[in-house]
Structures are given as C-alpha cells and as structure tokens.
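Colleague: Structure file final_39.txt, compact mmCIF, C-alpha atoms, is pasted below:
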# COMPACT_ATOMS: atom_id res chain seq x y z
CA MET A 231 9.91 53.32 -9.59
CA CYS A 232 7.64 50.87 -11.38
CA PRO A 233 7.84 47.24 -10.20
CA ILE A 234 9.22 44.71 -12.67
CA ALA A 235 7.33 41.42 -13.06
CA VAL A 236 9.47 38.41 -13.95
CA ARG A 237 7.54 35.38 -15.16
CA GLU A 238 8.27 32.01 -13.64
CA GLY A 239 10.51 29.92 -15.85
CA THR A 240 9.62 26.49 -17.22
CA ASP A 241 13.05 24.96 -17.72
CA LYS A 242 13.75 24.28 -14.06
CA PRO A 243 15.78 23.65 -12.00
CA TYR A 244 18.27 26.50 -12.43
CA SER A 245 21.77 26.39 -11.03
CA CYS A 246 24.52 28.79 -10.20
CA LYS A 247 28.16 28.33 -9.25
CA ASP A 248 27.09 27.43 -5.70
CA GLY A 249 24.71 24.64 -6.76
CA PHE A 250 20.94 24.20 -7.05
CA PHE A 251 18.49 26.28 -5.05
CA ILE A 252 14.75 26.23 -4.48
CA ARG A 253 12.64 29.28 -3.68
CA THR A 254 10.44 28.91 -0.57
CA GLY A 255 8.49 32.09 0.14
CA PRO A 256 10.90 35.02 0.41
CA SER A 257 14.02 32.87 0.86
CA SER A 258 16.11 30.50 -1.22
CA GLN A 259 17.44 27.22 0.11
CA LYS A 260 20.19 25.09 -1.34
CA LEU A 261 19.12 21.59 -2.33
CA ARG A 262 20.91 18.57 -0.93
CA ARG A 263 21.86 15.64 -3.14
CA ASP A 264 18.80 13.53 -2.26
CA GLU A 265 16.53 16.56 -2.69
CA ILE A 266 17.97 17.18 -6.17
CA ILE A 267 17.28 13.55 -7.12
CA ASP A 268 13.72 13.75 -5.75
CA TYR A 269 13.16 17.00 -7.63
CA PHE A 270 14.31 15.54 -10.94
CA ASN A 271 12.12 12.47 -10.37
CA HIS A 272 9.08 14.62 -9.54
CA GLU A 273 9.59 16.84 -12.57
CA GLY A 274 9.90 13.82 -14.88
CA LYS A 275 13.48 14.67 -15.84
CA ILE A 276 14.58 11.13 -14.93
CA ARG A 277 12.58 8.23 -16.38
CA PHE A 278 12.63 4.99 -14.42
CA ASP A 279 11.85 2.84 -17.45
CA GLU A 280 14.85 4.19 -19.40
CA GLN A 281 17.43 3.72 -16.65
CA PHE A 282 19.77 0.71 -16.75
CA CYS A 283 19.52 -1.93 -14.04
CA MET A 284 23.17 -2.49 -13.10
CA ASP A 285 22.35 -5.58 -10.99
CA PHE A 286 20.77 -7.40 -13.95
CA LYS A 287 23.12 -10.01 -15.48
CA TYR A 288 22.51 -11.11 -19.05
CA PRO A 289 21.84 -13.92 -19.93
CA ASP A 290 21.60 -15.42 -16.40
CA ASP A 291 18.68 -13.22 -15.28
CA PHE A 292 17.01 -13.11 -18.70
CA SER A 293 13.89 -15.16 -19.54
CA GLU A 294 14.00 -16.14 -23.19
CA GLU A 295 10.53 -17.69 -22.84
CA ARG A 296 8.99 -14.37 -21.82
CA PHE A 297 10.86 -12.52 -24.52
CA GLN A 298 9.73 -14.95 -27.23
CA ARG A 299 6.14 -14.62 -26.02
CA TYR A 300 6.48 -10.84 -26.29
CA LEU A 301 7.85 -11.12 -29.84
CA GLN A 302 4.84 -13.25 -30.79
CA GLN A 303 2.49 -10.59 -29.40
CA CYS A 304 4.36 -8.00 -31.47
CA LYS A 305 4.27 -10.32 -34.50
CA ILE A 306 8.03 -9.94 -34.84
CA THR A 307 9.89 -12.70 -36.65
CA SER A 308 13.65 -12.47 -37.07
CA ASN A 309 16.67 -14.69 -37.52
CA LEU A 310 18.88 -12.18 -35.73
CA PRO A 311 20.51 -13.13 -32.39
CA LEU A 312 18.39 -12.30 -29.33
CA GLU A 313 20.92 -9.76 -28.17
CA GLN A 314 20.62 -7.90 -31.46
CA ILE A 315 16.81 -7.88 -31.27
CA LEU A 316 16.95 -6.54 -27.71
CA THR A 317 19.28 -3.79 -28.88
CA ASN A 318 17.09 -2.97 -31.88
CA LEU A 319 14.06 -2.65 -29.58
CA GLY A 320 16.04 -0.24 -27.41
CA VAL A 321 15.59 -2.48 -24.36
CA ALA A 322 19.31 -3.25 -23.97
CA GLN A 323 22.64 -1.72 -24.86
CA ARG A 324 26.14 -3.12 -24.94
CA GLN A 325 28.65 -1.12 -22.91
CA ALA A 326 32.23 -2.07 -22.03
CA GLY A 327 31.70 -5.63 -23.25
CA ARG A 328 28.53 -6.12 -21.20
CA LEU A 329 24.88 -6.11 -22.25
CA LEU A 330 23.00 -3.73 -19.97
CA MET A 331 19.22 -4.08 -19.59
CA LYS A 332 16.90 -1.11 -19.07
CA ASN A 333 14.38 -1.24 -16.25
CA ALA A 334 11.53 -1.63 -18.73
CA GLY A 335 13.21 -4.80 -19.99
CA VAL A 336 13.66 -6.08 -16.45
CA LEU A 337 9.95 -5.62 -15.71
CA LEU A 338 9.02 -7.52 -18.88
CA PHE A 339 11.75 -10.10 -19.46
CA ALA A 340 13.50 -10.93 -16.18
CA ARG A 341 13.22 -14.45 -14.78
CA GLU A 342 12.40 -12.95 -11.36
CA PRO A 343 11.48 -9.27 -11.76
CA THR A 344 10.74 -8.86 -8.04
CA ARG A 345 14.33 -9.81 -7.18
CA PHE A 346 15.31 -6.45 -8.65
CA TYR A 347 12.13 -4.47 -7.94
CA PHE A 348 10.22 -6.14 -5.10
CA HIS A 349 7.43 -3.55 -5.37
CA ALA A 350 6.59 -4.34 -9.01
CA VAL A 351 3.70 -6.61 -8.05
CA ILE A 352 -0.09 -6.53 -8.16
CA THR A 353 -1.77 -7.36 -4.86
CA CYS A 354 -5.43 -8.40 -5.07
CA VAL A 355 -7.58 -8.42 -1.94
CA ARG A 356 -11.22 -9.50 -1.54
CA PHE A 357 -12.94 -7.89 1.44
CA ARG A 358 -16.20 -8.97 3.04
CA GLY A 359 -18.72 -6.14 2.98
CA LYS A 360 -17.92 -2.54 2.12
CA THR A 361 -14.96 -1.91 4.44
CA LYS A 362 -11.44 -3.27 4.98
CA THR A 363 -12.35 -4.97 8.25
CA HIS A 364 -12.51 -8.60 7.04
CA ILE A 365 -10.28 -10.13 4.35
CA ILE A 366 -11.66 -13.12 2.46
CA ASP A 367 -8.84 -13.67 -0.03
CA ARG A 368 -5.47 -12.19 -0.98
CA LYS A 369 -3.12 -12.92 -3.85
CA ASP A 370 0.23 -11.32 -4.71
CA PHE A 371 1.32 -11.57 -8.35
CA GLY A 372 5.03 -10.94 -8.89
CA GLU A 373 5.94 -12.22 -12.35
CA ASP A 374 6.54 -10.01 -15.40
CA ILE A 375 4.06 -7.14 -15.47
CA ILE A 376 2.14 -8.47 -18.49
CA THR A 377 1.59 -11.80 -16.73
CA ASN A 378 0.66 -9.91 -13.56
CA VAL A 379 -2.16 -8.16 -15.42
CA ASP A 380 -3.37 -11.48 -16.86
CA ASN A 381 -3.33 -13.14 -13.43
CA ALA A 382 -5.10 -10.20 -11.78
CA MET A 383 -7.84 -10.42 -14.42
CA LYS A 384 -8.26 -14.15 -13.78
CA TRP A 385 -8.54 -13.42 -10.06
CA LEU A 386 -11.16 -10.71 -10.65
CA LYS A 387 -13.23 -13.02 -12.83
CA THR A 388 -13.51 -15.52 -9.97
CA TYR A 389 -15.42 -12.92 -7.93
CA ILE A 390 -17.41 -11.01 -10.56
CA PRO A 391 -20.89 -12.56 -10.92
CA LEU A 392 -22.27 -13.32 -14.38
CA ARG A 393 -25.81 -13.07 -15.63
CA TYR A 394 -27.03 -14.98 -18.66
CA GLU A 395 -29.11 -13.71 -21.55
CA ILE A 396 -30.70 -15.85 -24.25
CA GLY A 397 -32.35 -14.37 -27.29
CA GLY A 398 -31.78 -12.71 -30.62
CA GLY A 399 -32.13 -15.99 -32.47
CA LYS A 400 -28.91 -17.36 -30.98
CA LEU A 401 -28.71 -20.88 -29.59
CA GLN A 402 -26.00 -20.04 -27.07
CA ARG A 403 -26.50 -17.83 -24.06
CA ASP A 404 -24.55 -14.60 -23.55
CA GLU A 405 -22.56 -14.20 -20.36
CA ILE A 406 -22.76 -10.63 -19.03
CA PRO A 407 -20.34 -9.80 -16.18
CA GLU A 408 -21.47 -7.50 -13.38
CA LEU A 409 -18.51 -5.25 -14.27
CA PRO A 410 -17.17 -5.06 -17.86
CA TYR A 411 -13.94 -7.01 -18.21
CA ASP A 412 -12.47 -4.65 -20.81
CA ALA A 413 -12.78 -1.65 -18.49
CA LEU A 414 -11.06 -3.52 -15.65
CA ARG A 415 -8.25 -4.74 -17.88
CA GLU A 416 -7.72 -1.21 -19.21
CA ALA A 417 -7.44 0.03 -15.63
CA LEU A 418 -4.93 -2.70 -14.74
CA LEU A 419 -2.79 -1.90 -17.77
CA ASN A 420 -2.93 1.77 -16.86
CA SER A 421 -1.82 0.94 -13.31
CA VAL A 422 1.34 -0.97 -14.30
CA ILE A 423 2.36 1.33 -17.16
CA HIS A 424 1.88 4.70 -15.47
CA ARG A 425 2.73 3.91 -11.84
CA ASP A 426 5.64 5.61 -10.09
CA TYR A 427 8.30 2.88 -9.86
CA PHE A 428 10.63 5.18 -7.91
CA GLU A 429 8.15 4.82 -5.03
CA LYS A 430 9.17 1.52 -3.43
CA GLY A 431 6.89 1.73 -0.41
CA ALA A 432 3.70 0.65 -2.19
CA VAL A 433 2.43 -1.76 -4.83
CA THR A 434 -0.36 -1.75 -7.36
CA MET A 435 -3.54 -2.78 -5.53
CA VAL A 436 -6.85 -4.32 -6.55
CA GLU A 437 -9.42 -3.97 -3.76
CA PHE A 438 -12.68 -5.89 -4.23
CA TYR A 439 -15.64 -4.93 -2.03
CA ASP A 440 -19.28 -5.99 -2.14
CA ASP A 441 -20.30 -2.76 -3.89
CA ARG A 442 -17.18 -1.60 -5.74
CA VAL A 443 -13.69 -2.34 -7.05
CA HIS A 444 -10.69 -0.06 -6.55
CA ILE A 445 -7.60 -0.30 -8.75
CA LEU A 446 -4.86 1.97 -7.45
CA ASN A 447 -1.17 2.55 -7.97
CA PRO A 448 1.55 4.80 -6.53
CA GLY A 449 1.90 8.14 -8.30
CA GLY A 450 -0.76 10.79 -8.72
CA LEU A 451 -1.58 12.67 -11.89
CA VAL A 452 1.38 12.71 -14.27
CA LYS A 453 3.37 15.96 -14.25
CA GLY A 454 2.15 18.23 -17.04
CA ILE A 455 -1.53 17.23 -16.95
CA CYS A 456 -3.87 19.58 -15.12
CA PRO A 457 -7.13 18.14 -13.71
CA GLU A 458 -9.21 19.94 -16.34
CA GLU A 459 -7.34 18.11 -19.13
CA PHE A 460 -7.57 14.67 -17.54
CA GLY A 461 -8.77 12.14 -20.11
CA LEU A 462 -8.10 14.56 -22.96
CA THR A 463 -4.31 14.90 -22.82
CA SER A 464 -1.93 11.94 -22.92
CA ILE A 465 1.37 12.17 -21.03
CA SER A 466 3.05 9.02 -19.78
CA ARG A 467 5.21 8.71 -16.68
CA ASN A 468 7.00 5.79 -18.37
CA PRO A 469 6.82 6.53 -22.12
CA PHE A 470 9.35 3.87 -23.16
CA LEU A 471 7.46 1.18 -21.23
CA GLN A 472 4.20 2.39 -22.74
CA GLY A 473 5.77 2.14 -26.18
CA LEU A 474 6.69 -1.50 -25.57
CA PHE A 475 3.09 -2.27 -24.54
CA HIS A 476 1.80 -0.44 -27.61
CA ARG A 477 4.12 -2.44 -29.85
CA ALA A 478 2.57 -5.61 -28.43
CA ASN A 479 -0.92 -4.24 -29.26
CA LEU A 480 -1.84 -4.14 -25.58
CA VAL A 481 -2.56 -0.39 -25.36
CA GLU A 482 -3.05 2.63 -27.57
CA ARG A 483 -0.77 5.68 -27.43
CA ILE A 484 -3.40 8.32 -28.04
CA GLY A 485 -4.76 8.75 -24.52
CA SER A 486 -7.98 6.86 -25.26
CA GLY A 487 -7.88 4.48 -22.28
CA ILE A 488 -9.86 6.73 -19.93
CA GLY A 489 -12.55 7.24 -22.55
CA ARG A 490 -12.79 3.51 -23.22
CA MET A 491 -13.28 2.77 -19.52
CA ARG A 492 -16.05 5.35 -19.36
CA ASP A 493 -17.71 4.00 -22.50
CA GLU A 494 -17.56 0.39 -21.30
CA MET A 495 -19.25 1.30 -18.01
CA LYS A 496 -21.95 3.39 -19.69
CA THR A 497 -22.64 0.62 -22.21
CA ALA A 498 -23.10 -1.78 -19.28
CA GLY A 499 -25.64 0.60 -17.74
CA LEU A 500 -23.32 1.51 -14.86
CA LEU A 501 -22.02 4.78 -13.49
CA GLU A 502 -18.81 6.02 -15.07
CA PRO A 503 -15.65 5.10 -13.14
CA GLU A 504 -14.47 7.61 -10.58
CA PHE A 505 -10.88 8.83 -10.87
CA ASN A 506 -8.99 10.19 -7.89
CA TRP A 507 -5.38 11.25 -7.47
CA ASN A 508 -3.71 12.26 -4.24
CA GLY A 509 -0.34 10.54 -4.03
CA PHE A 510 -2.04 7.43 -5.41
CA PHE A 511 -3.97 7.16 -8.65
CA ARG A 512 -7.24 5.36 -7.94
CA ILE A 513 -9.97 4.15 -10.27
CA THR A 514 -13.28 3.15 -8.68
CA PHE A 515 -15.81 0.91 -10.43
CA LEU A 516 -19.23 0.84 -8.77
CA LYS A 517 -20.88 -2.55 -9.18
CA GLU A 518 -24.47 -1.29 -9.20
CA GLY A 519 -26.07 1.00 -11.76
CA VAL A 520 -28.20 4.01 -11.07
CA GLU A 521 -30.75 3.17 -8.39
CA HIS A 522 -34.32 4.37 -8.68
CA GLY A 523 -36.23 5.13 -5.50
CA GLY A 524 -39.98 4.79 -5.05
CA ALA A 525 -40.23 8.50 -4.18
CA ALA A 526 -38.67 9.51 -7.48
CA ASP A 527 -41.04 7.29 -9.41
CA GLU A 528 -44.02 8.88 -7.64
CA LEU A 529 -42.83 12.36 -8.55
CA VAL A 530 -42.45 11.30 -12.17
CA LYS A 531 -45.98 9.93 -12.23
CA GLU A 532 -47.30 13.16 -10.76
CA GLY A 533 -45.54 15.19 -13.45
CA LYS A 534 -43.47 17.19 -10.97
CA VAL A 535 -40.17 16.27 -12.63
CA THR A 536 -39.19 14.90 -16.02
CA LYS A 537 -38.71 11.19 -16.66
CA SER A 538 -35.02 11.75 -17.26
CA LEU A 539 -34.71 12.24 -13.49
CA THR A 540 -34.95 8.49 -13.06
CA LYS A 541 -31.65 8.21 -14.94
CA SER A 542 -29.76 10.70 -12.79
CA LEU A 543 -31.33 10.36 -9.33
CA THR A 544 -29.50 8.08 -6.89
CA LYS A 545 -29.63 7.47 -3.17
CA LEU A 546 -26.40 9.42 -3.03
CA GLN A 547 -28.12 12.49 -4.46
CA ILE A 548 -30.92 12.21 -1.88
CA ARG A 549 -28.25 12.22 0.83
CA ILE A 550 -26.60 15.28 -0.71
CA LEU A 551 -29.91 17.16 -0.66
CA LYS A 552 -30.79 16.04 2.84
CA ASN A 553 -27.49 17.22 4.29
CA SER A 554 -27.19 20.57 2.52
CA GLU A 555 -30.09 22.70 3.73
CA ARG A 556 -27.94 25.86 3.84
CA PRO A 557 -26.03 27.42 0.91
CA VAL A 558 -22.88 25.34 0.41
CA SER A 559 -19.99 25.20 -2.06
CA MET A 560 -19.43 22.39 -4.54
CA LEU A 561 -16.44 21.24 -2.47
CA GLU A 562 -18.67 20.88 0.60
CA LEU A 563 -21.27 18.99 -1.41
CA ALA A 564 -18.60 16.66 -2.78
CA GLU A 565 -17.38 15.99 0.78
CA ILE A 566 -20.93 15.16 1.87
CA ALA A 567 -21.16 12.75 -1.05
CA GLY A 568 -17.74 11.26 -0.33
CA VAL A 569 -16.57 11.94 -3.91
CA HIS A 570 -13.10 13.47 -4.15
CA HIS A 571 -12.95 14.11 -7.90
CA ARG A 572 -14.79 17.40 -8.41
CA SER A 573 -15.45 17.13 -12.15
CA PHE A 574 -16.81 13.59 -11.73
CA PHE A 575 -19.05 14.76 -8.86
CA LYS A 576 -20.32 17.74 -10.83
CA LYS A 577 -21.13 15.73 -13.94
CA GLN A 578 -22.65 12.69 -12.23
CA HIS A 579 -24.49 14.26 -9.31
CA LEU A 580 -24.67 18.04 -9.16
CA ASP A 581 -25.56 18.88 -12.77
CA PRO A 582 -28.61 16.55 -12.85
CA LEU A 583 -29.90 18.11 -9.63
CA ILE A 584 -29.56 21.60 -11.11
CA GLU A 585 -31.01 20.51 -14.46
CA HIS A 586 -34.17 19.21 -12.79
CA GLY A 587 -34.63 22.22 -10.56
CA LEU A 588 -33.81 20.46 -7.30
CA VAL A 589 -30.75 22.59 -6.59
CA ALA A 590 -30.15 26.23 -7.58
CA MET A 591 -27.02 28.37 -7.81
CA THR A 592 -26.80 31.45 -5.60
CA ILE A 593 -24.99 33.29 -8.44
CA PRO A 594 -26.81 31.97 -11.54
CA ASP A 595 -25.22 34.46 -13.93
CA LYS A 596 -21.70 33.34 -12.92
CA PRO A 597 -21.79 29.52 -12.90
CA ARG A 598 -17.99 29.18 -12.71
CA SER A 599 -17.45 31.69 -9.94
CA SER A 600 -15.19 30.50 -7.13
CA LYS A 601 -17.71 32.04 -4.70
CA GLN A 602 -20.59 30.01 -6.14
CA LYS A 603 -22.81 28.22 -3.64
CA TYR A 604 -25.86 26.02 -3.99
CA VAL A 605 -29.21 25.84 -2.23
CA ILE A 606 -32.10 23.39 -2.21
CA THR A 607 -35.17 24.53 -4.11
CA GLU A 608 -38.74 23.97 -2.96
CA ALA A 609 -38.95 21.07 -5.43
CA GLY A 610 -35.82 19.60 -3.85
CA LYS A 611 -37.24 19.92 -0.35
CA GLU A 612 -40.43 18.24 -1.59
CA LEU A 613 -38.38 15.42 -3.05
CA ILE A 614 -36.56 14.91 0.26
CA ALA A 615 -39.83 14.78 2.17
CA SER A 616 -41.29 12.33 -0.34
CA ALA A 617 -38.17 10.14 -0.27
CA LEU A 618 -38.06 10.06 3.51
CA LYS A 619 -41.74 9.26 3.70
CA GLY A 620 -41.32 6.46 1.16
CA ASN A 621 -38.54 4.92 3.27
CA GLU A 622 -40.57 4.88 6.51
Turn this file's structure into structure tokens for me.
Modeller:
Amino acid sequence: MCPIAVREGTDKPYSCKDGFFIRTGPSSQKLRRDEIIDYFNHEGKIRFDEQFCMDFKYPDDFSEERFQRYLQQCKITSNLPLEQILTNLGVAQRQAGRLLMKNAGVLLFAREPTRFYFHAVITCVRFRGKTKTHIIDRKDFGEDIITNVDNAMKWLKTYIPLRYEIGGGKLQRDEIPELPYDALREALLNSVIHRDYFEKGAVTMVEFYDDRVHILNPGGLVKGICPEEFGLTSISRNPFLQGLFHRANLVERIGSGIGRMRDEMKTAGLLEPEFNWNGFFRITFLKEGVEHGGAADELVKEGKVTKSLTKSLTKLQIRILKNSERPVSMLELAEIAGVHHRSFFKKQHLDPLIEHGLVAMTIPDKPRSSKQKYVITEAGKELIASALKGNE
C-alpha cells in the first residue's frame, strides 16, 4: 500500500467531541483549560487590546484630560458627548447599561493605567560601563503609554551626548546627538505597541550602557512573520492599539518602522540596529560607528585590499578572524561575535569579509547550503598578523 501524506492544517486548533488535543510526537494529549488559553494567546486568536477590562469603571477611572489630548493629536473636533466619541472610536461599548472600556483604552485613557495592568510601564536604567554590575540611575514610568514614551525619550536625552556643528552659512549651531532621537523614539513606540501584554512578569526596558542602548519588550517575533521576512512584512500583535496610534499620527501602518530605524542609524554614520527575538524582542543601538584600525589603513595604503574595507572592517571582525582558524559555520562565527541575529551578522560582518577576500566559503558554488562553512584566506591571516602587530 502507498502511504498517504496529509498536510498540516492552518486553522488550528481542531476539536472533537472529547475536547481539544495537541499532537506531541506519536501521541495526542488533551489540553487543559489554561493550556487552551495559552494556545489561543500564542496563536494570536485572542487580542489583548480588544478585550474589555471588567474592573474599569467609567467615568471614575477615566481621564478626560488624556482623552482630550489624544483627540487633539488626532485633530478630531466634535460636539458629541465623550461617551459617543469613545464608542465611535471603538474604544468602548455600552452593555447592560454600563460603558465597558477595552484594554487599549485603559492603556491610553485611564487615570492610573498601572492599577489595572501593573506591568504596562517603561523602566529605564543607566549602567556604569558595559555590564549590569553598577546602576547609576533608574526611572519607572507608569502613566498612559503615550506619556511613557515621551518620558522615556526625555530620560534618554539626559544621557545622550551632543556634538555641535557650525557652518553652511547658518548663524545657529546644529546639535547632533550621539544616537539619532527619531530611531530611539521609533523603537520605544514599537516596544509599547507590539509587546505581549498577556505576559505580566516583565516590563518594557531601556538599558543604557557606555557603548550601547537596548530597548526590549516581552514577546518575540509576532506569530506569522518568519525571520526572513522581518522588516518586510507588517503584522501587529495588537492591531487595534496600533490603529489608535496611527490615528494620532504617531506611527505608520505599513511596516516601515524597522526601515526608518535602519536609515536613521546609517544617516548618522552608525551601524544599523541589531534586532533579536527570543522570548523578548530586543533592539540594540551601538553608540560608536565603524572603527578603523591602524592595521587596516596600512593594508589599504599598500594596495592589498580596497578602500571600501575601511567602511566594513571593525574590531569585531578582527576578533572573528582571529578565533576562527578552522572551517566553521555561520552560526559558530555569529556566536564568536556575540551577535544572535544571523541575517544582521551576515550583512554587517560576514559579507564584507568575503567580499574583500578575507574569508572564503568551503562550498563556493552553493552559498546557501546548510553545510556551508568558512575559512580564513591567506589575506585574512595576513590581516590578523598585521592587526596584532599594530596593537603591540
């Protein structure tokens, strides 16, 4: 008899008269109530932002000031009662003689949002050095999530150095921040809009080190986006909340935020932000641009490599070369470099090394092979020796 192949379905979960089951290897196991809820949350079948907050009491817990400020941002003018405007926006709904507020409305318009969702805060921490050993400053912002973003930006600006440029026929000097403000604000907006609010054990974090800034939030890559499509495909974990931000002209709805962050960093002469997702979604902004070593400059002068090498060579790449004298996979190289996002690592570090003949593929005719490994070329070994000699 010929075996029959049955394709995996997409409209899961499936149920039978005995309940819901999940397939684990060769066996099926019945899901408990909490497991069913977790499954629906993970699959995006239940949206936090669209659920009603039954503990919220209107108008006692409602901030008219915050709502009016939001209407001004949306450029909405109306003589209708506030309750009617809330209903028209889809934020609230009257049921059984009571006005129920959706979670998105609670996050934006509650007098004390953290009384209902204590984890809906942004915590900003300034560390001394490049590790978490010593804390210099910490602030917890727990107002509405728009105000939280504004306050987090103000906090960041107190620690980001400015340089001043005068020229171009202008009388006033230009203030150039060490990290572009627009990229940081985009990351903060992304963190409060797309975070997993069902996860109550963590908050949105801003971690400021001497050499970098991390902005991270609970919830990895949104269900439905594969790593290869990251930055190209737009799927929101909280689409209703995102729509409210879009209406206030705070974000776009076309998935352009990642591209804007990358463009802002490149325009500032800095490395593109690094994106990582593994339970948390983390964006890393490196405060220094591409570093040029004396050894690289000498090789350029001697004509052994092209001048474009000075744009792609970093101390990190020297370390990759130095620690990979045997054929290794891209995953191993990324681990040596301490970069967890493979596509970022390949674009920023590995491709320039290959392009300039410092690293070679063991299977050059199959660049995308899963068995592909990389070796140092003679030019790469020469570069290492020159770099080490220059650092003596």
Colleague: Would you work out the distance separating CA of Tyr604 in chain A from CA of Met591 in chain A, expressed in Å to one decimal?
Modeller: 4.6 Å
Colleague: Using only C-alpha atoms, which of A:Glu416, A:Glu295, A:Glu280, A:Asp290 sits nearest Val321 in chain A?
Modeller: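 Smallest distance to Val321 in chain A is found for A:Glu280.
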Colleague: Could you give me, as an NGL selection string, the residues within 8 Å of range 487-499 of chain A, counting all atoms listed in the file and dropping anything in the same chain fewer than 3 positions from it?
Modeller: :A and (409-410 or 412-414 or 416-417 or 420 or 461 or 481-482 or 502-503 or 519-520)
Colleague: Show which residues sit within 9 Å of range 436-453 of chain A, as an NGL selection string. Count all atoms listed in the file, and ignore same-chain residues fewer than 2 positions away.
Modeller: :A and (272-274 or 352-362 or 382 or 386 or 389 or 414 or 417-418 or 421-422 or 424-427 or 429-434 or 455-457 or 460 or 465-467 or 506-518)
Colleague: Could you state the separation of CA of Cys283 in chain A and CA of Tyr300 in chain A in Å, given to one decimal place?
Modeller: 20.0 Å
Colleague: For each of A:Glu565, A:Ile376, A:Leu312, A:Lys384, take the minimum atom-to-atom distance to Ala478 in chain A, counting all atoms listed in the file, then give the residue where this is smallest.
Modeller: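 Among the listed residues, the smallest separation from Ala478 in chain A belongs to A:Ile376.
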Colleague: Could you state the separation of CA of Leu580 in chain A and CA of Ser486 in chain A in Å, given to one decimal place?
Modeller: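 Going from CA of Leu580 in chain A over to CA of Ser486 in chain A covers 25.7 Å.
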